[in-house]
Amino acid sequence: MSKILIIYTGGTIGMIQDSKTGALQPFNFGRLNDEVPEINKFKFEIDTISFKKPIDSTNADIPFWLELASLIEENYFKYDGFVILHGTDTMAYTASALSFILKGLSKPVILTGSQVPIGMIRTDGKENLITAIEIAANKKGKVPVISEVAVYFENKLFRGNRTVKMNAEHFNAFASPNYPVLAKAGIFINYDYAALRPFQESNLELQKEFCDDILLIKLFPGLKKEVFNAMISIPNIKGIVLETFGSGNAPEFEWFVKGLEDAINRGIIIVNITQCIEGFVAQGRYSTSTELNRLGVVNGLDLTTEAAIVKLMMVLAKNDDIKIKKSIIIEPWAGELNISSSYK
C-alpha cells in the first residue's frame with residue numbers, strides 16, 4: 001500500500017474564504033480532510049506537513065528550495081511519493097530547482113496548486129490535488145510510474161524542468177512547449193510511457209551548492225548601449241542568461257558585441273536561450289548569431305528560462321574551470337534539454 005506525504009509551502013490553494021468577511025485567509029492543513037473529504041476514499045495512507053511559515057511563491061528563493069528538498073530527504077524512506085502544494089507564480093522555478101537538487105531521485109515528486117483557492121466553490125484546487133495524489137501513488141508492480149519531479153495542473157502532467165507558466169487567468173496555467181505531456185487525466189489517467197524518465201534504483205543525494213551572482217537579460221529593439229553596459233558591468237556577476245530573438249539571434253552592433261566579449265574575457269559565462277515559448281537556439285544558423293559562437297557564448301538549446309537560471313546558478317557554484325562549466329551546462333542532468341536540438 002502506497003504512503004504519500006503532502007507538503008504545503010503556501011500559495012493560493014491553501015486559502016479559504018472567511019464566511020463573515022469574505023476575506024481569503026490560510027487554513028489549517030492539519031484539517032485538509034475537512035476541506036477535501038474526497039481524499040478519505042483513497043486506499044492508501046496520506047500524511048500532511050506544512051511549512052512553519054508558508055510563503056507566497058513570489059518570495060521563493062534558494063533557501064526555500066533547499067528547505068523543501070531537505071524535507072523530502074528527511075522523509076524519503078518513509079513515503080512512496082510526495083505532493084507539493086505551491087503557489088503558481090514560481091512553481092516552474094521550484095520544479096526545475098528540485099529536479100537538479102534531488103540527484104538520484106527515484107520516487108515521484110509532484111508539484112500542484114490552483115488558480116482559485118481551495119476554499120472557494122469554483123476552485124480548481126481539489127481536482128489538481130486529488131489527481132496529483134493518485135499519480136504520486138501509482139505503481140506498476142512495485143515500481144512507481146513517475147520517478148521524477150513533475151507539475152500536475154488542469155488535467156495534465158508535465159516534466160518539472162520543462163514547465164512554464166503560460167496563463168495568469170485560466171485554469172490551464174501551465175504548458176511544456178518543448179517536451180511531450182507526461183500524462184493526461186480524463187476518465188482514466190493516460191501516461192506517455194515513452195516520455196517518462198525510466199525508473200532507476202539509486203541513492204538520493206542533495207546538490208546544495210548555488211551561486212546567485214547572475215543576471216537575466218532579455219533583448220529588445222531599442223536596448224540602449226548605456227543600459228546594456230551598466231548591466232553587464234555590475235560587480236561580481238559571474239553568469240548571464242541572455243534571452244535572444246528567434247533561434248538565438250542578437251544585434252550585430254559593435255558596442256553590443258564588444259560588451260559581450262568584454263564580459264566573457266572577465267570570466268562571465270553567458271548562456272543563450274530563446275525568447276520564444278517554443279523552439280530552440282540554433283546558434284550559427286544566421287549571421288546574427290555567428291558572433292555569439294565566435295565569442296564563446298553557450299548555446300542553451302531548448303532550455304526554459306527557469307531551468308537555465310537554476311542550472312547556471314548550480315554550475316557556477318562548482319569548482320571546475322570555465323571550459324568545463326560551459327560543457328556541463330549543455331549536458332542533460334534530469335531531462336531538461338534535448339542535445340539533438342543543437343544546430344549542425
# chains A, B, ... in the order shown; residues from 1 in each chain; ligands from 1
>>> residues_around(residues="region 4-16 of chain A", least_positions_apart="2", cutoff="8 Å", atoms="only C-alpha atoms", output="PyMOL selection string")
chain A and resi 2+18+24-27+29+44-51+54-57+79-88+113-120+125+133+136-137
>>> residues_around(residues="Lys311 (chain A)", least_positions_apart="6", cutoff="8 Å", atoms="only C-alpha atoms", output="list in words")
Ala97, Phe100 and Ile329 of chain A
>>> write_last_selection(atoms="C-alpha atoms", output="PDB file, in the first residue's frame")
ATOM      1  CA  ALA A  97      15.385  23.516  -8.946  1.00  0.00           C
ATOM      2  CA  PHE A 100      18.512  19.323 -10.173  1.00  0.00           C
ATOM      3  CA  ILE A 329      25.538  23.447 -18.893  1.00  0.00           C
TER       4      ILE A 329
END
>>> closest_residue(among="A:Ile130, A:Ile146, A:Met166, A:Val310", to="Glu278 (chain A)", atoms="only C-alpha atoms")
A:Met166
>>> select_by_dssp(residues="region 138-328 of chain A", states="helix (DSSP H, G or I)", output="ChimeraX atom specification")
/A:160-162,225-232,254-265,287-295,305-316,322-328
>>> residues_around(residues="region 258-261 of chain A", least_positions_apart="6", cutoff="9 Å", atoms="only C-alpha atoms", output="JSON, numbers by chain")
{"A": [225, 228, 229, 232, 233, 270, 292, 295, 296, 297]}
>>> write_last_selection(atoms="N, CA and C atoms", output="short mmCIF file (atom, residue, chain, number, x, y, z; two decimals), in the first residue's frame")
data_model
loop_
_atom_site.label_atom_id
_atom_site.label_comp_id
_atom_site.auth_asym_id
_atom_site.auth_seq_id
_atom_site.Cartn_x
_atom_site.Cartn_y
_atom_site.Cartn_z
N LYS A 225 22.85 51.21 -25.39
CA LYS A 225 24.22 50.82 -25.08
C LYS A 225 24.54 51.05 -23.61
N PHE A 228 22.76 48.46 -21.36
CA PHE A 228 23.36 47.13 -21.50
C PHE A 228 24.71 47.07 -20.81
N ASN A 229 25.56 48.06 -21.06
CA ASN A 229 26.89 48.06 -20.44
C ASN A 229 26.82 48.18 -18.92
N ILE A 232 25.92 44.55 -17.60
CA ILE A 232 27.00 43.55 -17.64
C ILE A 232 28.22 43.99 -16.85
N SER A 233 28.21 45.23 -16.38
CA SER A 233 29.34 45.73 -15.58
C SER A 233 29.06 45.68 -14.08
N ILE A 270 28.01 33.21 -20.35
CA ILE A 270 26.76 33.70 -20.93
C ILE A 270 26.06 32.54 -21.63
N LEU A 292 28.10 35.20 -31.69
CA LEU A 292 27.95 34.59 -30.37
C LEU A 292 28.77 33.30 -30.30
N LEU A 295 32.45 34.25 -29.93
CA LEU A 295 32.80 34.78 -28.61
C LEU A 295 32.84 33.69 -27.53
N GLY A 296 32.15 32.59 -27.77
CA GLY A 296 32.10 31.54 -26.76
C GLY A 296 30.86 31.58 -25.89
N VAL A 297 29.80 32.21 -26.40
CA VAL A 297 28.52 32.17 -25.71
C VAL A 297 27.99 30.74 -25.76
#
>>> atom_distance(atom1="CA of Leu206 (chain A)", atom2="CA of Gly239 (chain A)")
22.7 Å
>>> select_by_dssp(residues="region 10-100 of chain A", states="strand (DSSP E or B)", output="list in words")
Met15, Ile16, Gln17, Leu24, Gln25, Pro26, Glu45, Ile46, Asp47, Thr48, Ile49, Ser50, Gly81, Phe82, Val83, Ile84 and Leu85 of chain A
>>> residues_around(residues="region 181-196 of chain A", least_positions_apart="2", cutoff="8 Å", atoms="only C-alpha atoms", output="list in words")
Thr131, Ile146, Asn155, Lys156, Leu157, Phe158, Arg159, Ser176, Tyr179 and Pro198 of chain A
>>> atom_distance(atom1="CA of Val241 (chain A)", atom2="CA of Glu306 (chain A)")
10.0 Å
>>> closest_residue(among="A:Ala250, A:Val257, A:Leu316, A:Ala150", to="Gly335 (chain A)", atoms="only C-alpha atoms")
A:Ala150
>>> atom_distance(atom1="CA of Pro251 (chain A)", atom2="CA of Ser289 (chain A)")
8.4 Å
>>> closest_residue(among="A:Ser287, A:Asn178, A:Ser340, A:Gln207", to="Ile62 (chain A)", atoms="only C-alpha atoms")
A:Gln207
>>> residues_around(residues="Tyr93 (chain A)", least_positions_apart="4", cutoff="9 Å", atoms="only C-alpha atoms", output="ChimeraX atom specification")
/A:60,89,97-98,160-161,163-164,305-307,309-310
>>> write_last_selection(atoms="C-alpha atoms", output="PDB file, in the first residue's frame")
ATOM      1  CA  ALA A  60      10.594  31.653  -3.258  1.00  0.00           C
ATOM      2  CA  ASP A  89       3.871  32.149  -9.920  1.00  0.00           C
ATOM      3  CA  ALA A  97      15.385  23.516  -8.946  1.00  0.00           C
ATOM      4  CA  LEU A  98      14.160  20.324  -7.286  1.00  0.00           C
ATOM      5  CA  GLY A 160       9.051  19.859 -13.957  1.00  0.00           C
ATOM      6  CA  ASN A 161      12.118  21.361 -15.613  1.00  0.00           C
ATOM      7  CA  THR A 163       7.344  23.563 -17.486  1.00  0.00           C
ATOM      8  CA  VAL A 164       6.459  27.220 -17.965  1.00  0.00           C
ATOM      9  CA  THR A 305      14.281  30.398 -18.790  1.00  0.00           C
ATOM     10  CA  GLU A 306      13.505  28.839 -15.420  1.00  0.00           C
ATOM     11  CA  ALA A 307      15.712  25.794 -15.967  1.00  0.00           C
ATOM     12  CA  ILE A 309      18.628  30.232 -14.478  1.00  0.00           C
ATOM     13  CA  VAL A 310      18.651  27.485 -11.860  1.00  0.00           C
TER      14      VAL A 310
END
>>> decode(residues="region 127-172 of chain A", atoms="N, CA and C atoms", output="PDB file, in the first residue's frame")
ATOM      1  N   GLU A 127      -9.458  19.158  -7.668  1.00  0.00           N
ATOM      2  CA  GLU A 127      -9.133  18.181  -8.712  1.00  0.00           C
ATOM      3  C   GLU A 127      -7.634  18.073  -8.886  1.00  0.00           C
ATOM      4  N   ASN A 128      -6.944  19.211  -8.867  1.00  0.00           N
ATOM      5  CA  ASN A 128      -5.487  19.171  -9.014  1.00  0.00           C
ATOM      6  C   ASN A 128      -4.848  18.353  -7.897  1.00  0.00           C
ATOM      7  N   LEU A 129      -5.299  18.572  -6.671  1.00  0.00           N
ATOM      8  CA  LEU A 129      -4.730  17.856  -5.531  1.00  0.00           C
ATOM      9  C   LEU A 129      -5.044  16.369  -5.589  1.00  0.00           C
ATOM     10  N   ILE A 130      -6.296  16.038  -5.839  1.00  0.00           N
ATOM     11  CA  ILE A 130      -6.721  14.630  -5.841  1.00  0.00           C
ATOM     12  C   ILE A 130      -5.966  13.838  -6.900  1.00  0.00           C
ATOM     13  N   THR A 131      -5.868  14.393  -8.098  1.00  0.00           N
ATOM     14  CA  THR A 131      -5.198  13.663  -9.172  1.00  0.00           C
ATOM     15  C   THR A 131      -3.692  13.612  -8.955  1.00  0.00           C
ATOM     16  N   ALA A 132      -3.115  14.681  -8.410  1.00  0.00           N
ATOM     17  CA  ALA A 132      -1.684  14.664  -8.100  1.00  0.00           C
ATOM     18  C   ALA A 132      -1.363  13.561  -7.096  1.00  0.00           C
ATOM     19  N   ILE A 133      -2.225  13.379  -6.103  1.00  0.00           N
ATOM     20  CA  ILE A 133      -2.036  12.306  -5.123  1.00  0.00           C
ATOM     21  C   ILE A 133      -2.106  10.946  -5.804  1.00  0.00           C
ATOM     22  N   GLU A 134      -3.100  10.777  -6.663  1.00  0.00           N
ATOM     23  CA  GLU A 134      -3.263   9.490  -7.350  1.00  0.00           C
ATOM     24  C   GLU A 134      -2.043   9.178  -8.223  1.00  0.00           C
ATOM     25  N   ILE A 135      -1.531  10.190  -8.917  1.00  0.00           N
ATOM     26  CA  ILE A 135      -0.349   9.988  -9.756  1.00  0.00           C
ATOM     27  C   ILE A 135       0.862   9.635  -8.897  1.00  0.00           C
ATOM     28  N   ALA A 136       1.029  10.328  -7.771  1.00  0.00           N
ATOM     29  CA  ALA A 136       2.167  10.071  -6.889  1.00  0.00           C
ATOM     30  C   ALA A 136       2.132   8.663  -6.308  1.00  0.00           C
ATOM     31  N   ALA A 137       0.934   8.105  -6.166  1.00  0.00           N
ATOM     32  CA  ALA A 137       0.790   6.774  -5.563  1.00  0.00           C
ATOM     33  C   ALA A 137       0.785   5.649  -6.586  1.00  0.00           C
ATOM     34  N   ASN A 138       0.721   5.998  -7.863  1.00  0.00           N
ATOM     35  CA  ASN A 138       0.551   4.984  -8.895  1.00  0.00           C
ATOM     36  C   ASN A 138       1.837   4.185  -9.115  1.00  0.00           C
ATOM     37  N   LYS A 139       1.681   2.870  -9.182  1.00  0.00           N
ATOM     38  CA  LYS A 139       2.823   1.976  -9.393  1.00  0.00           C
ATOM     39  C   LYS A 139       2.498   0.942 -10.464  1.00  0.00           C
ATOM     40  N   LYS A 140       3.550   0.456 -11.100  1.00  0.00           N
ATOM     41  CA  LYS A 140       3.450  -0.730 -11.945  1.00  0.00           C
ATOM     42  C   LYS A 140       4.217  -1.822 -11.232  1.00  0.00           C
ATOM     43  N   GLY A 141       3.475  -2.726 -10.602  1.00  0.00           N
ATOM     44  CA  GLY A 141       4.110  -3.678  -9.712  1.00  0.00           C
ATOM     45  C   GLY A 141       4.590  -2.946  -8.477  1.00  0.00           C
ATOM     46  N   LYS A 142       5.881  -3.018  -8.188  1.00  0.00           N
ATOM     47  CA  LYS A 142       6.445  -2.325  -7.036  1.00  0.00           C
ATOM     48  C   LYS A 142       7.187  -1.047  -7.431  1.00  0.00           C
ATOM     49  N   VAL A 143       7.135  -0.707  -8.711  1.00  0.00           N
ATOM     50  CA  VAL A 143       7.902   0.430  -9.215  1.00  0.00           C
ATOM     51  C   VAL A 143       6.971   1.611  -9.468  1.00  0.00           C
ATOM     52  N   PRO A 144       7.326   2.810  -9.011  1.00  0.00           N
ATOM     53  CA  PRO A 144       6.476   3.969  -9.280  1.00  0.00           C
ATOM     54  C   PRO A 144       6.426   4.280 -10.770  1.00  0.00           C
ATOM     55  N   VAL A 145       5.247   4.681 -11.239  1.00  0.00           N
ATOM     56  CA  VAL A 145       5.120   5.064 -12.643  1.00  0.00           C
ATOM     57  C   VAL A 145       5.936   6.324 -12.917  1.00  0.00           C
ATOM     58  N   ILE A 146       5.879   7.278 -11.987  1.00  0.00           N
ATOM     59  CA  ILE A 146       6.643   8.518 -12.102  1.00  0.00           C
ATOM     60  C   ILE A 146       7.820   8.465 -11.134  1.00  0.00           C
ATOM     61  N   SER A 147       9.010   8.720 -11.654  1.00  0.00           N
ATOM     62  CA  SER A 147      10.188   8.736 -10.774  1.00  0.00           C
ATOM     63  C   SER A 147      11.011   9.988 -11.059  1.00  0.00           C
ATOM     64  N   GLU A 148      10.323  11.120 -11.095  1.00  0.00           N
ATOM     65  CA  GLU A 148      10.965  12.396 -11.373  1.00  0.00           C
ATOM     66  C   GLU A 148      10.126  13.517 -10.773  1.00  0.00           C
ATOM     67  N   VAL A 149      10.629  14.740 -10.893  1.00  0.00           N
ATOM     68  CA  VAL A 149       9.886  15.918 -10.453  1.00  0.00           C
ATOM     69  C   VAL A 149       8.959  16.337 -11.588  1.00  0.00           C
ATOM     70  N   ALA A 150       7.679  16.514 -11.277  1.00  0.00           N
ATOM     71  CA  ALA A 150       6.695  16.856 -12.298  1.00  0.00           C
ATOM     72  C   ALA A 150       5.725  17.891 -11.747  1.00  0.00           C
ATOM     73  N   VAL A 151       5.021  18.544 -12.659  1.00  0.00           N
ATOM     74  CA  VAL A 151       3.973  19.504 -12.321  1.00  0.00           C
ATOM     75  C   VAL A 151       2.659  18.977 -12.857  1.00  0.00           C
ATOM     76  N   TYR A 152       1.656  18.882 -11.971  1.00  0.00           N
ATOM     77  CA  TYR A 152       0.320  18.500 -12.429  1.00  0.00           C
ATOM     78  C   TYR A 152      -0.604  19.703 -12.321  1.00  0.00           C
ATOM     79  N   PHE A 153      -1.281  19.992 -13.426  1.00  0.00           N
ATOM     80  CA  PHE A 153      -2.190  21.135 -13.429  1.00  0.00           C
ATOM     81  C   PHE A 153      -3.211  20.970 -14.550  1.00  0.00           C
ATOM     82  N   GLU A 154      -4.479  21.136 -14.193  1.00  0.00           N
ATOM     83  CA  GLU A 154      -5.574  21.139 -15.164  1.00  0.00           C
ATOM     84  C   GLU A 154      -5.476  19.960 -16.137  1.00  0.00           C
ATOM     85  N   ASN A 155      -5.517  18.765 -15.548  1.00  0.00           N
ATOM     86  CA  ASN A 155      -5.627  17.513 -16.307  1.00  0.00           C
ATOM     87  C   ASN A 155      -4.359  17.078 -17.030  1.00  0.00           C
ATOM     88  N   LYS A 156      -3.241  17.768 -16.789  1.00  0.00           N
ATOM     89  CA  LYS A 156      -2.017  17.397 -17.483  1.00  0.00           C
ATOM     90  C   LYS A 156      -0.839  17.330 -16.517  1.00  0.00           C
ATOM     91  N   LEU A 157       0.043  16.371 -16.794  1.00  0.00           N
ATOM     92  CA  LEU A 157       1.260  16.209 -16.016  1.00  0.00           C
ATOM     93  C   LEU A 157       2.447  16.571 -16.905  1.00  0.00           C
ATOM     94  N   PHE A 158       3.304  17.468 -16.412  1.00  0.00           N
ATOM     95  CA  PHE A 158       4.444  17.954 -17.176  1.00  0.00           C
ATOM     96  C   PHE A 158       5.753  17.632 -16.461  1.00  0.00           C
ATOM     97  N   ARG A 159       6.813  17.403 -17.230  1.00  0.00           N
ATOM     98  CA  ARG A 159       8.140  17.325 -16.614  1.00  0.00           C
ATOM     99  C   ARG A 159       8.444  18.666 -15.959  1.00  0.00           C
ATOM    100  N   GLY A 160       8.900  18.633 -14.726  1.00  0.00           N
ATOM    101  CA  GLY A 160       9.051  19.859 -13.957  1.00  0.00           C
ATOM    102  C   GLY A 160       9.973  20.877 -14.588  1.00  0.00           C
ATOM    103  N   ASN A 161      11.141  20.422 -15.071  1.00  0.00           N
ATOM    104  CA  ASN A 161      12.118  21.361 -15.613  1.00  0.00           C
ATOM    105  C   ASN A 161      11.862  21.714 -17.077  1.00  0.00           C
ATOM    106  N   ARG A 162      10.715  21.277 -17.596  1.00  0.00           N
ATOM    107  CA  ARG A 162      10.286  21.671 -18.941  1.00  0.00           C
ATOM    108  C   ARG A 162       9.048  22.564 -18.893  1.00  0.00           C
ATOM    109  N   THR A 163       8.622  22.887 -17.685  1.00  0.00           N
ATOM    110  CA  THR A 163       7.344  23.563 -17.486  1.00  0.00           C
ATOM    111  C   THR A 163       7.502  25.073 -17.457  1.00  0.00           C
ATOM    112  N   VAL A 164       6.528  25.759 -18.046  1.00  0.00           N
ATOM    113  CA  VAL A 164       6.459  27.220 -17.965  1.00  0.00           C
ATOM    114  C   VAL A 164       5.030  27.626 -17.631  1.00  0.00           C
ATOM    115  N   LYS A 165       4.898  28.720 -16.897  1.00  0.00           N
ATOM    116  CA  LYS A 165       3.560  29.259 -16.646  1.00  0.00           C
ATOM    117  C   LYS A 165       3.159  30.109 -17.843  1.00  0.00           C
ATOM    118  N   MET A 166       1.999  29.762 -18.428  1.00  0.00           N
ATOM    119  CA  MET A 166       1.563  30.390 -19.674  1.00  0.00           C
ATOM    120  C   MET A 166       0.414  31.363 -19.500  1.00  0.00           C
ATOM    121  N   ASN A 167      -0.341  31.200 -18.405  1.00  0.00           N
ATOM    122  CA  ASN A 167      -1.572  31.966 -18.290  1.00  0.00           C
ATOM    123  C   ASN A 167      -1.815  32.351 -16.836  1.00  0.00           C
ATOM    124  N   ALA A 168      -2.117  33.614 -16.603  1.00  0.00           N
ATOM    125  CA  ALA A 168      -2.358  34.099 -15.241  1.00  0.00           C
ATOM    126  C   ALA A 168      -3.829  34.082 -14.873  1.00  0.00           C
ATOM    127  N   GLU A 169      -4.692  33.729 -15.828  1.00  0.00           N
ATOM    128  CA  GLU A 169      -6.130  33.839 -15.603  1.00  0.00           C
ATOM    129  C   GLU A 169      -6.868  32.508 -15.712  1.00  0.00           C
ATOM    130  N   HIS A 170      -6.499  31.679 -16.690  1.00  0.00           N
ATOM    131  CA  HIS A 170      -7.243  30.453 -16.950  1.00  0.00           C
ATOM    132  C   HIS A 170      -6.729  29.297 -16.095  1.00  0.00           C
ATOM    133  N   PHE A 171      -7.541  28.258 -15.993  1.00  0.00           N
ATOM    134  CA  PHE A 171      -7.143  27.095 -15.209  1.00  0.00           C
ATOM    135  C   PHE A 171      -5.979  26.344 -15.846  1.00  0.00           C
ATOM    136  N   ASN A 172      -5.918  26.352 -17.182  1.00  0.00           N
ATOM    137  CA  ASN A 172      -4.791  25.678 -17.849  1.00  0.00           C
ATOM    138  C   ASN A 172      -3.594  26.623 -17.858  1.00  0.00           C
TER     139      ASN A 172
END
